[in-house]
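Structure data follow from start_37.csv (CSV, C-alpha atoms):
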```
chain,number,residue,atom,x,y,z
R,1,MET,CA,297.3,112.6,11.9
R,2,THR,CA,300.9,111.5,11.6
R,3,VAL,CA,301.3,107.9,12.5
R,4,PRO,CA,304.4,107.1,14.7
R,5,ASP,CA,307.0,105.0,13.0
R,6,ILE,CA,307.0,101.7,14.8
R,7,PRO,CA,308.8,98.4,14.0
R,8,ASP,CA,306.8,95.5,12.5
R,9,ILE,CA,304.9,94.2,15.5
R,10,GLN,CA,305.5,90.5,14.6
R,11,GLU,CA,309.2,91.1,14.4
R,12,VAL,CA,309.1,92.8,17.8
R,13,TYR,CA,307.4,89.7,19.4
R,14,LYS,CA,309.8,87.4,17.7
R,15,SER,CA,312.7,89.3,19.3
R,16,ARG,CA,310.9,89.2,22.7
R,17,THR,CA,312.3,92.7,23.3
R,18,ARG,CA,310.1,95.6,24.4
R,19,ILE,CA,310.2,99.0,22.6
R,20,ASP,CA,311.4,101.4,25.3
R,21,ASN,CA,312.1,104.4,23.1
R,22,GLY,CA,310.0,107.4,24.2
R,23,THR,CA,309.3,106.1,27.7
R,24,VAL,CA,310.6,107.4,31.1
R,25,GLY,CA,314.3,106.8,31.2
R,26,HIS,CA,314.6,106.4,27.4
R,27,LEU,CA,314.1,109.9,26.0
R,28,ASN,CA,316.4,111.8,23.6
R,29,ASP,CA,316.9,115.6,23.9
R,30,SER,CA,314.0,116.5,21.6
R,31,GLN,CA,311.6,114.2,23.3
R,32,GLN,CA,312.6,115.6,26.7
R,33,GLN,CA,312.0,119.1,25.4
R,34,ALA,CA,308.6,118.0,24.1
R,35,LEU,CA,307.7,116.7,27.5
R,36,LYS,CA,308.8,119.9,29.1
R,37,ASN,CA,306.7,122.0,26.7
R,38,LEU,CA,303.7,119.8,27.3
R,39,TRP,CA,304.0,120.3,31.1
R,40,ILE,CA,304.2,124.0,30.6
R,41,LYS,CA,300.9,123.9,28.7
R,42,ILE,CA,299.3,121.6,31.3
R,43,PHE,CA,300.3,124.0,34.1
R,44,ALA,CA,298.9,127.0,32.2
R,45,HIS,CA,295.6,125.1,31.8
R,46,PHE,CA,295.5,124.3,35.5
R,47,GLU,CA,295.5,128.1,36.1
R,48,ALA,CA,293.0,128.8,33.3
R,49,THR,CA,290.5,126.3,34.7
R,50,ALA,CA,291.0,126.8,38.4
R,51,ASP,CA,287.6,128.4,38.9
R,52,LYS,CA,285.8,126.5,36.1
R,53,PRO,CA,284.6,123.2,37.5
R,54,ILE,CA,283.5,120.5,35.0
R,55,LYS,CA,280.0,119.4,35.4
R,56,VAL,CA,279.2,115.7,35.7
R,57,THR,CA,276.8,115.5,32.8
R,58,HIS,CA,276.4,111.8,32.2
R,59,SER,CA,277.5,109.7,35.1
R,60,GLN,CA,278.5,106.1,34.1
R,61,ILE,CA,276.8,104.9,37.3
R,62,LYS,CA,273.5,103.2,36.4
R,63,ALA,CA,271.0,106.1,36.0
R,64,ASP,CA,268.0,104.1,37.1
R,65,SER,CA,269.4,102.6,40.3
R,66,TYR,CA,268.4,103.7,43.8
R,67,ALA,CA,271.3,106.2,43.7
R,68,SER,CA,269.3,108.2,41.2
R,69,ALA,CA,266.6,108.6,43.8
R,70,GLY,CA,269.1,110.0,46.3
R,71,ILE,CA,269.4,106.8,48.3
R,72,THR,CA,272.8,105.7,49.7
R,73,GLY,CA,273.7,102.0,50.1
R,74,SER,CA,274.1,102.5,53.8
R,75,ASP,CA,270.4,103.3,54.2
R,76,SER,CA,269.2,99.7,54.3
R,77,ASN,CA,265.6,100.5,54.9
R,78,ALA,CA,265.4,103.0,51.9
R,79,VAL,CA,267.3,100.5,49.7
R,80,ALA,CA,264.8,97.7,50.6
R,81,GLN,CA,261.9,100.0,49.9
R,82,TRP,CA,263.3,100.9,46.5
R,83,TYR,CA,263.7,97.3,45.5
R,84,ASN,CA,260.2,96.5,46.6
R,85,GLN,CA,258.9,99.3,44.4
R,86,ASN,CA,261.1,98.5,41.5
R,87,LEU,CA,261.3,94.7,41.6
R,88,GLU,CA,260.4,94.3,37.9
R,89,GLN,CA,263.1,96.7,36.8
R,90,ALA,CA,265.7,95.1,39.0
R,91,SER,CA,264.8,91.6,37.7
R,92,ASN,CA,265.1,92.6,34.0
R,93,VAL,CA,268.1,90.7,32.8
R,94,THR,CA,268.8,93.3,30.0
R,95,THR,CA,269.6,96.0,32.6
R,96,GLN,CA,270.2,94.1,35.8
R,97,THR,CA,273.5,95.0,37.5
R,98,VAL,CA,275.6,92.9,39.8
R,99,ARG,CA,274.2,95.0,42.7
R,100,ASP,CA,270.6,94.2,41.7
R,101,LYS,CA,271.3,90.5,41.4
R,102,MET,CA,273.1,90.3,44.7
R,103,TYR,CA,270.2,92.0,46.5
R,104,LEU,CA,267.6,89.7,44.9
R,105,ASP,CA,269.8,86.8,45.9
R,106,GLY,CA,269.6,87.9,49.5
R,107,ILE,CA,273.0,89.5,49.8
R,108,HIS,CA,272.1,92.8,51.4
R,109,GLU,CA,275.5,93.8,52.9
R,110,ALA,CA,277.0,96.8,51.1
R,111,ALA,CA,280.2,95.7,49.3
R,112,VAL,CA,281.3,99.4,48.9
R,113,PRO,CA,280.5,102.4,51.1
R,114,GLY,CA,277.2,104.0,50.2
R,115,THR,CA,278.5,107.6,49.7
R,116,PHE,CA,281.1,108.4,47.1
R,117,LYS,CA,283.5,111.3,47.7
R,118,PRO,CA,285.6,112.7,44.8
R,119,LEU,CA,289.4,113.2,45.3
R,120,PHE,CA,290.2,116.4,47.1
R,121,SER,CA,286.6,117.5,47.0
R,122,ASN,CA,283.1,117.1,48.5
R,123,ASP,CA,281.1,118.0,45.4
R,124,ARG,CA,279.8,114.9,43.5
R,125,ALA,CA,278.2,117.1,40.8
R,126,THR,CA,281.5,118.7,39.5
R,127,ARG,CA,285.1,117.8,39.1
R,128,SER,CA,288.1,120.2,38.7
R,129,PHE,CA,290.4,119.7,35.7
R,130,ALA,CA,293.5,119.5,37.9
R,131,ASN,CA,292.1,116.9,40.3
R,132,THR,CA,290.9,114.7,37.5
R,133,PHE,CA,294.2,115.0,35.7
R,134,TRP,CA,296.2,113.9,38.8
R,135,LEU,CA,293.8,111.0,39.3
R,136,ALA,CA,294.3,109.9,35.7
R,137,CYS,CA,298.1,110.0,36.3
R,138,MET,CA,297.6,107.4,39.1
R,139,LEU,CA,296.9,104.8,36.4
R,140,TYR,CA,300.6,105.0,35.5
R,141,SER,CA,303.9,104.6,37.2
R,142,SER,CA,304.7,108.3,36.8
R,143,PRO,CA,302.8,111.5,35.7
R,144,ASP,CA,305.4,111.7,33.0
R,145,SER,CA,304.3,108.4,31.7
R,146,TYR,CA,300.8,109.7,31.2
R,147,LEU,CA,302.0,112.7,29.2
R,148,LEU,CA,304.5,110.6,27.2
R,149,MET,CA,301.7,108.1,26.2
R,150,PHE,CA,299.9,111.0,24.4
R,151,LEU,CA,303.0,112.5,22.9
R,152,ARG,CA,304.1,109.1,21.4
R,153,SER,CA,300.6,108.7,19.9
R,154,VAL,CA,300.9,111.9,17.9
R,155,SER,CA,304.5,111.7,16.9
R,156,TRP,CA,305.6,114.2,19.6
R,157,ASP,CA,303.4,117.0,18.4
R,158,VAL,CA,303.0,119.0,21.7
R,159,GLU,CA,299.9,120.9,20.7
R,160,ALA,CA,298.1,117.7,19.4
R,161,ALA,CA,299.0,115.9,22.6
R,162,PHE,CA,297.8,118.7,24.8
R,163,GLU,CA,294.4,118.8,23.0
R,164,LYS,CA,294.0,115.1,23.4
R,165,ILE,CA,294.8,115.2,27.1
R,166,VAL,CA,292.3,118.1,27.7
R,167,LYS,CA,289.6,116.2,25.8
R,168,SER,CA,290.4,113.0,27.7
R,169,VAL,CA,290.4,114.6,31.2
R,170,GLU,CA,287.2,116.5,30.5
R,171,TRP,CA,285.6,113.2,29.4
R,172,ARG,CA,286.8,111.5,32.6
R,173,ALA,CA,285.3,114.3,34.7
R,174,SER,CA,282.0,114.7,32.9
R,175,GLN,CA,281.4,110.9,32.9
R,176,ALA,CA,282.4,110.5,36.5
R,177,ILE,CA,284.9,107.7,35.8
R,178,ASP,CA,286.2,108.0,39.3
R,179,GLU,CA,282.8,107.1,40.7
R,180,LEU,CA,282.4,104.3,38.1
R,181,MET,CA,285.5,102.7,39.5
R,182,TRP,CA,284.5,103.3,43.1
R,183,ASP,CA,281.3,101.4,42.4
R,184,GLY,CA,283.3,98.7,40.6
R,185,GLU,CA,281.6,95.5,39.5
R,186,LEU,CA,278.4,96.4,41.4
R,187,GLY,CA,277.3,98.8,38.7
R,188,GLN,CA,278.2,96.5,35.8
R,189,HIS,CA,275.8,94.3,33.9
R,190,HIS,CA,275.4,91.1,35.8
R,191,LYS,CA,275.2,88.7,32.8
R,192,MET,CA,278.3,90.2,31.1
R,193,MET,CA,280.2,89.9,34.4
R,194,SER,CA,279.0,86.4,35.3
R,195,ASP,CA,279.6,85.1,31.8
R,196,GLY,CA,283.1,86.7,31.6
R,197,VAL,CA,282.7,88.5,28.3
R,198,THR,CA,286.0,90.2,29.1
R,199,ILE,CA,288.6,88.3,31.1
R,200,ARG,CA,292.3,88.5,31.9
R,201,ALA,CA,294.5,85.4,31.6
R,202,GLY,CA,298.2,84.9,30.9
R,203,LYS,CA,301.0,87.1,29.6
R,204,ASP,CA,302.3,87.6,26.1
R,205,LYS,CA,305.9,87.1,25.0
R,206,LEU,CA,306.9,90.6,26.1
R,207,GLY,CA,305.5,90.0,29.6
R,208,TYR,CA,302.4,92.1,29.1
R,209,PRO,CA,299.1,90.9,30.6
R,210,VAL,CA,296.5,89.5,28.2
R,211,VAL,CA,293.0,90.7,28.0
R,212,ILE,CA,290.5,88.5,26.2
R,213,VAL,CA,287.1,89.5,24.8
R,214,ARG,CA,285.1,86.3,24.3
R,215,VAL,CA,282.9,87.5,21.5
R,216,ARG,CA,280.6,84.4,21.5
R,217,LEU,CA,279.4,85.4,25.0
R,218,ASN,CA,278.4,88.9,24.1
R,219,VAL,CA,274.8,88.9,22.8
R,220,PRO,CA,273.5,92.5,22.3
R,221,ARG,CA,269.8,91.5,22.6
R,222,GLU,CA,270.6,90.3,26.2
R,223,ARG,CA,271.4,93.7,27.5
R,224,SER,CA,270.3,97.3,26.9
R,225,GLU,CA,272.4,99.7,24.8
R,226,SER,CA,273.0,101.9,27.9
R,227,ILE,CA,275.2,99.1,29.3
R,228,VAL,CA,277.8,99.3,26.4
R,229,GLU,CA,279.6,102.5,27.2
R,230,ARG,CA,279.7,101.8,30.9
R,231,PHE,CA,281.1,98.3,30.4
R,232,ALA,CA,283.7,99.5,27.9
R,233,ALA,CA,284.9,102.3,30.2
R,234,PHE,CA,285.1,99.9,33.2
R,235,SER,CA,287.0,97.3,31.2
R,236,LEU,CA,289.6,99.7,29.9
R,237,GLU,CA,290.1,101.3,33.3
R,238,GLN,CA,290.7,97.9,34.8
R,239,THR,CA,293.1,97.0,32.1
R,240,ALA,CA,295.1,100.3,32.6
R,241,LEU,CA,295.3,99.5,36.4
R,242,LEU,CA,296.5,96.0,35.6
R,243,ALA,CA,299.0,97.1,33.0
R,244,ARG,CA,300.6,99.6,35.4
R,245,GLY,CA,302.7,96.9,37.0
R,246,PHE,CA,303.7,95.3,33.7
R,247,GLY,CA,305.2,98.1,31.7
R,248,GLU,CA,301.9,100.0,31.3
R,249,ARG,CA,300.8,98.0,28.3
R,250,ALA,CA,298.5,95.0,27.7
R,251,THR,CA,297.7,92.7,24.8
R,252,LEU,CA,294.1,92.5,23.7
R,253,VAL,CA,292.8,89.3,22.1
R,254,TYR,CA,289.3,89.1,20.5
R,255,ASP,CA,288.4,85.4,20.7
R,256,TYR,CA,285.9,84.7,17.9
R,257,ASN,CA,285.7,80.9,18.5
R,258,GLY,CA,282.0,80.0,18.3
R,259,PHE,CA,281.2,83.5,16.8
R,260,LYS,CA,277.7,83.8,15.4
R,261,LYS,CA,275.6,86.5,13.7
R,262,GLU,CA,273.9,87.2,17.1
R,263,ASN,CA,277.3,88.2,18.5
R,264,ILE,CA,277.8,91.1,16.1
R,265,ASP,CA,278.0,94.1,18.4
R,266,LEU,CA,279.2,97.2,16.5
R,267,ALA,CA,278.2,99.6,19.3
R,268,PHE,CA,280.5,97.8,21.8
R,269,ILE,CA,283.4,97.7,19.4
R,270,LYS,CA,283.0,101.3,18.4
R,271,SER,CA,282.8,102.5,22.1
R,272,LEU,CA,285.9,100.5,22.9
R,273,LEU,CA,287.9,101.8,19.9
R,274,THR,CA,286.9,105.4,20.5
R,275,MET,CA,287.9,105.3,24.2
R,276,LEU,CA,291.2,103.5,23.4
R,277,SER,CA,292.1,106.1,20.8
R,278,GLU,CA,291.1,109.2,22.8
R,279,SER,CA,291.9,108.3,26.4
R,280,TYR,CA,294.2,105.2,26.5
R,281,PRO,CA,296.5,105.6,23.4
R,282,GLN,CA,299.5,103.3,23.3
R,283,MET,CA,298.1,101.1,26.1
R,284,LEU,CA,297.8,98.1,23.8
R,285,SER,CA,301.0,96.4,22.7
R,286,VAL,CA,299.1,94.5,20.1
R,287,THR,CA,295.5,93.7,19.3
R,288,ILE,CA,294.9,90.1,18.0
R,289,GLN,CA,291.7,89.0,16.2
R,290,GLN,CA,291.7,85.2,16.7
R,291,VAL,CA,289.2,84.1,14.0
R,292,ASN,CA,288.7,81.7,11.2
R,293,SER,CA,285.1,82.5,10.1
R,294,TRP,CA,283.6,83.7,6.8
R,295,LEU,CA,281.1,85.7,8.9
R,296,PHE,CA,284.0,87.8,10.2
R,297,THR,CA,285.0,89.1,6.8
R,298,GLY,CA,282.1,91.6,6.4
R,299,PHE,CA,282.2,92.5,10.1
R,300,TRP,CA,285.9,93.2,9.9
R,301,THR,CA,285.5,95.6,6.9
R,302,ILE,CA,283.4,97.9,9.0
R,303,ILE,CA,285.6,97.7,12.1
R,304,ARG,CA,288.8,98.3,10.1
R,305,SER,CA,287.4,101.7,8.9
R,306,TRP,CA,287.1,102.8,12.6
R,307,LEU,CA,290.6,101.9,13.7
R,308,ASP,CA,292.9,104.6,14.8
R,309,PRO,CA,296.0,104.4,12.5
R,310,LEU,CA,298.2,103.6,15.4
R,311,ILE,CA,296.0,100.8,16.6
R,312,ALA,CA,295.7,99.6,13.0
R,313,LYS,CA,299.5,99.2,12.8
R,314,ARG,CA,299.4,97.0,15.9
R,315,THR,CA,296.4,94.9,14.9
R,316,VAL,CA,296.8,91.4,13.5
R,317,ILE,CA,294.6,88.4,12.6
R,318,ALA,CA,295.5,85.0,13.9
R,319,LYS,CA,293.5,82.2,12.1
R,320,ASN,CA,294.8,79.4,14.4
R,321,VAL,CA,296.7,78.7,17.6
R,322,ASP,CA,300.0,78.4,15.7
R,323,GLN,CA,299.7,82.0,14.4
R,324,LEU,CA,298.6,83.1,17.9
R,325,GLN,CA,301.9,81.7,19.2
R,326,THR,CA,303.8,84.4,17.4
R,327,PHE,CA,302.7,86.6,20.3
R,328,LEU,CA,301.9,84.2,23.2
R,329,ASP,CA,303.6,81.1,24.3
R,330,LYS,CA,301.4,78.0,24.3
R,331,ASP,CA,301.4,77.7,28.1
R,332,GLN,CA,300.0,81.3,28.2
R,333,ILE,CA,297.1,80.5,25.8
R,334,MET,CA,293.8,79.3,27.4
R,335,ALA,CA,293.0,75.7,26.8
R,336,ASP,CA,289.7,76.5,25.1
R,337,MET,CA,291.6,78.7,22.6
R,338,GLY,CA,293.9,75.8,21.7
R,339,GLY,CA,296.6,76.4,24.3
R,340,GLU,CA,297.8,74.8,27.5
R,341,LEU,CA,296.8,77.4,30.2
R,342,PRO,CA,294.3,75.7,32.5
R,343,TYR,CA,292.2,78.7,33.3
R,344,ASN,CA,288.5,78.4,34.0
R,345,TYR,CA,286.6,81.6,34.6
R,346,LYS,CA,284.2,81.7,37.6
R,347,TYR,CA,282.5,84.9,38.7
R,348,VAL,CA,282.5,85.7,42.4
R,349,TYR,CA,280.5,88.5,43.9
R,350,PRO,CA,282.4,91.3,45.5
R,351,THR,CA,282.4,91.5,49.3
R,352,LYS,CA,282.8,94.1,52.0
R,353,LYS,CA,285.8,92.2,53.3
R,354,GLU,CA,287.8,92.5,50.1
R,355,ASN,CA,286.9,96.3,50.0
R,356,SER,CA,287.6,96.9,53.7
R,357,LYS,CA,289.9,99.8,53.1
R,358,MET,CA,287.2,101.6,51.3
R,359,PHE,CA,285.2,101.7,54.6
R,360,ASP,CA,288.2,103.1,56.6
R,361,THR,CA,287.3,106.8,56.6
R,362,GLU,CA,290.2,107.8,58.7
R,363,GLY,CA,292.6,105.8,56.6
R,364,ARG,CA,291.3,107.5,53.4
R,365,MET,CA,291.8,110.9,54.9
R,366,ARG,CA,295.4,110.1,55.8
R,367,ALA,CA,296.0,108.6,52.3
R,368,GLU,CA,294.4,111.6,50.6
R,369,THR,CA,296.6,114.0,52.7
R,370,GLU,CA,299.7,112.0,51.8
R,371,LEU,CA,298.7,112.0,48.1
R,372,LYS,CA,298.2,115.8,48.2
R,373,THR,CA,301.6,116.2,49.7
R,374,THR,CA,303.2,114.0,47.0
R,375,VAL,CA,301.3,115.8,44.2
R,376,ASP,CA,302.3,119.2,45.6
R,377,ALA,CA,306.0,118.1,45.8
R,378,PHE,CA,305.9,116.7,42.2
R,379,PHE,CA,304.2,119.9,41.0
R,380,ALA,CA,306.8,122.1,42.6
R,381,ALA,CA,309.7,120.0,41.3
R,382,THR,CA,308.3,119.9,37.8
R,383,LYS,CA,307.7,123.6,37.8
R,384,GLN,CA,311.3,124.1,38.7
R,385,TRP,CA,312.4,121.6,36.0
R,386,VAL,CA,310.5,123.3,33.2
R,387,ALA,CA,311.9,126.7,34.2
R,388,SER,CA,315.5,125.3,33.9
R,389,PRO,CA,317.5,124.9,30.7
R,390,ASP,CA,318.6,121.4,31.6
R,391,ALA,CA,316.0,119.0,30.0
R,392,ALA,CA,317.9,115.9,31.3
R,393,SER,CA,317.0,116.8,34.9
R,394,TYR,CA,313.5,115.4,34.3
R,395,LEU,CA,314.8,112.3,36.0
R,396,ASP,CA,315.6,114.2,39.2
R,397,PRO,CA,314.6,112.1,42.2
R,398,ALA,CA,312.4,115.0,43.5
R,399,ARG,CA,310.1,114.2,40.6
```

Using structure tokens, write down the structure from this file.
Amino acid sequence: MTVPDIPDIQEVYKSRTRIDNGTVGHLNDSQQQALKNLWIKIFAHFEATADKPIKVTHSQIKADSYASAGITGSDSNAVAQWYNQNLEQASNVTTQTVRDKMYLDGIHEAAVPGTFKPLFSNDRATRSFANTFWLACMLYSSPDSYLLMFLRSVSWDVEAAFEKIVKSVEWRASQAIDELMWDGELGQHHKMMSDGVTIRAGKDKLGYPVVIVRVRLNVPRERSESIVERFAAFSLEQTALLARGFGERATLVYDYNGFKKENIDLAFIKSLLTMLSESYPQMLSVTIQQVNSWLFTGFWTIIRSWLDPLIAKRTVIAKNVDQLQTFLDKDQIMADMGGELPYNYKYVYPTKKENSKMFDTEGRMRAETELKTTVDAFFAATKQWVASPDAASYLDPAR
């Protein structure tokens, strides 16, 4: 793999100037042509897979929840019966989800609708490539941004970018990432959510949101291995949604303060790195390992061998708050990390009120119709663009 040539990341942050090259509105002629060629390949793949739905083979939704028994959250009697019959399982803290804990705490009102419906489809068992692709594009300000992210990650090699997109979209479809996000926090491990293993607080010197993994709070023996992949996917999808409004990037800080041997979690780290490389390339502006521990040395030797070359070039180690301030101003660093940001994490259960739009069936139908109209218009305009000799017209308002 050819690693894109990027400036020294510390110098970038000292300048407080974002790197816009290769993004929408900042493409040279060859980059515009690469974008055009990639769209041509994507459109051809739409046609080739039109009658080949992708099976949901491993839904990220908890396999042993009442949903696996064919029960919807709106059927309160069936849900109550399921919990009565599976009380021991629902009480097991290593597998207990937020939904389980809420129910056992007496909160029985459904926070999200009981029946999930995929975008532009009624079949929960399969997903089309095209629909999954357009849904992935919604994580970004423009479908072009989605393609450019992959192109930049492979030094504008169109074939390599195409192969990565196909693999990523198929992963999203087969893992039912859309349903994972519909279920939201409810399907996540309760202790990891309530402890705040992954939180978001502050902005870096380039204005990107900061995501913090508090390593000391992640204890593998306190949850089952099946939790890892689901939590990693949920965390990255949340980060992508958050980053959309801030230049489509975020900064990731691993906070190793209080790090002990029991916190070593190679499975979680590997899942996170694999997903980042394959489905969210270029999303991270910089990854900071904030650590000053001899125990980290051996741990880091293993992790470093897994790093995608692009992520490796944007990964730094900060041994103290002074070094951390190369990337974050002190008032954007949490107080318990040596900064001045007065942020105290407190987990609050999701409610039906905050998700009221999810219960508006008519509103969803209108929104889906409007989205389809928008997608069809963008599709038509882009088809016209790729058929024209003028690459610069990719900024046409119709797109």

Open item on the list: Env of segment 111-121 of chain R: 7 Å cut, atoms = only C-alpha atoms, seq-sep filter 3 positions within chain, self excluded. Answer as a PyMOL selection string.
Closed with: chain R and resi 72-74+124+131+179+183+350-352+355+358-359

- [ ] Compare R:Ser91, R:Asn122, R:Thr198, R:Ser279 by their minimum atom-to-atom distance to Tyr347 of chain R, counting all atoms listed in the file, and give me the closest one.
- [x]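 Answer, going by the shortest atom-to-atom distance: R:Thr198.
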
Go through segment 169-239 of chain R residue by residue and, counting only C-alpha atoms, keep those with an atom at most 12 Å from segment 314-327 of chain R; for each kept residue give the shortest atom pair and its distance in Å to one decimal, ordered by chain and increasing number, as JSON lines.
```
{"residue": "R:Gly202", "atom": "CA", "partner": "R:Phe327", "partner_atom": "CA", "distance": 11.6}
{"residue": "R:Lys203", "atom": "CA", "partner": "R:Phe327", "partner_atom": "CA", "distance": 9.5}
{"residue": "R:Asp204", "atom": "CA", "partner": "R:Phe327", "partner_atom": "CA", "distance": 5.9}
{"residue": "R:Lys205", "atom": "CA", "partner": "R:Phe327", "partner_atom": "CA", "distance": 5.7}
{"residue": "R:Leu206", "atom": "CA", "partner": "R:Phe327", "partner_atom": "CA", "distance": 8.2}
{"residue": "R:Gly207", "atom": "CA", "partner": "R:Phe327", "partner_atom": "CA", "distance": 10.3}
{"residue": "R:Tyr208", "atom": "CA", "partner": "R:Phe327", "partner_atom": "CA", "distance": 10.4}
{"residue": "R:Pro209", "atom": "CA", "partner": "R:Phe327", "partner_atom": "CA", "distance": 11.7}
{"residue": "R:Val210", "atom": "CA", "partner": "R:Phe327", "partner_atom": "CA", "distance": 10.5}
```

Residues from last step as file, C-alpha atoms, as a short mmCIF file (atom, residue, chain, number, x, y, z; two decimals), in the coordinates of the input:
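The new file result-v5.cif reads:
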```cif
data_model
loop_
_atom_site.label_atom_id
_atom_site.label_comp_id
_atom_site.auth_asym_id
_atom_site.auth_seq_id
_atom_site.Cartn_x
_atom_site.Cartn_y
_atom_site.Cartn_z
CA GLY R 202 298.20 84.90 30.90
CA LYS R 203 301.00 87.10 29.60
CA ASP R 204 302.30 87.60 26.10
CA LYS R 205 305.90 87.10 25.00
CA LEU R 206 306.90 90.60 26.10
CA GLY R 207 305.50 90.00 29.60
CA TYR R 208 302.40 92.10 29.10
CA PRO R 209 299.10 90.90 30.60
CA VAL R 210 296.50 89.50 28.20
#
```

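A straight line drawn from atom CA of Thr274 of chain R to atom CA of Tyr140 of chain R is 20.3 Å long.
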
- [ ] May I ask which of the residues R:Leu241, R:His45, R:Arg366, R:Ser271 is the closest one to Val166 of chain R, counting all atoms listed in the file?
- [x]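 Nearest to Val166 of chain R: R:His45.
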
Task: Separation of atom CA of Pro309 of chain R from atom CA of Thr17 of chain R in Å - done: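 If I compute the distance from atom CA of Thr17 of chain R to atom CA of Pro309 of chain R, I get 22.8 Å.
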
TODO: Go through R:Leu38, R:Ile19, R:Leu186, R:Ala173 and flag the residue nearest Ser128 of chain R, using all atoms listed in the file for the distances.
DONE: R:Ala173

TODO: Find, counting all atoms listed in the file, the residue in R:Ala377, R:Ile264, R:Ile165, R:Ile40 that gets nearest to Arg214 of chain R.
DONE: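 Selected residue with least distance to Arg214 of chain R: R:Ile264.
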
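Across R:His26, R:Leu135, R:Ser305, R:Val291, the tightest approach to Glu368 of chain R is made by R:Leu135 when counting only C-alpha atoms.
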
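Atom CA of Lys55 of chain R lies 5.7 Å from atom CA of Ser174 of chain R.
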
Open item on the list: Using only C-alpha atoms for the distances, tell me which of R:Glu362, R:Asp20, R:Asp75, R:Glu278 is nearest to His108 of chain R.
Closed with: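 Checking each candidate against His108 of chain R, we get R:Asp75 as the closest.
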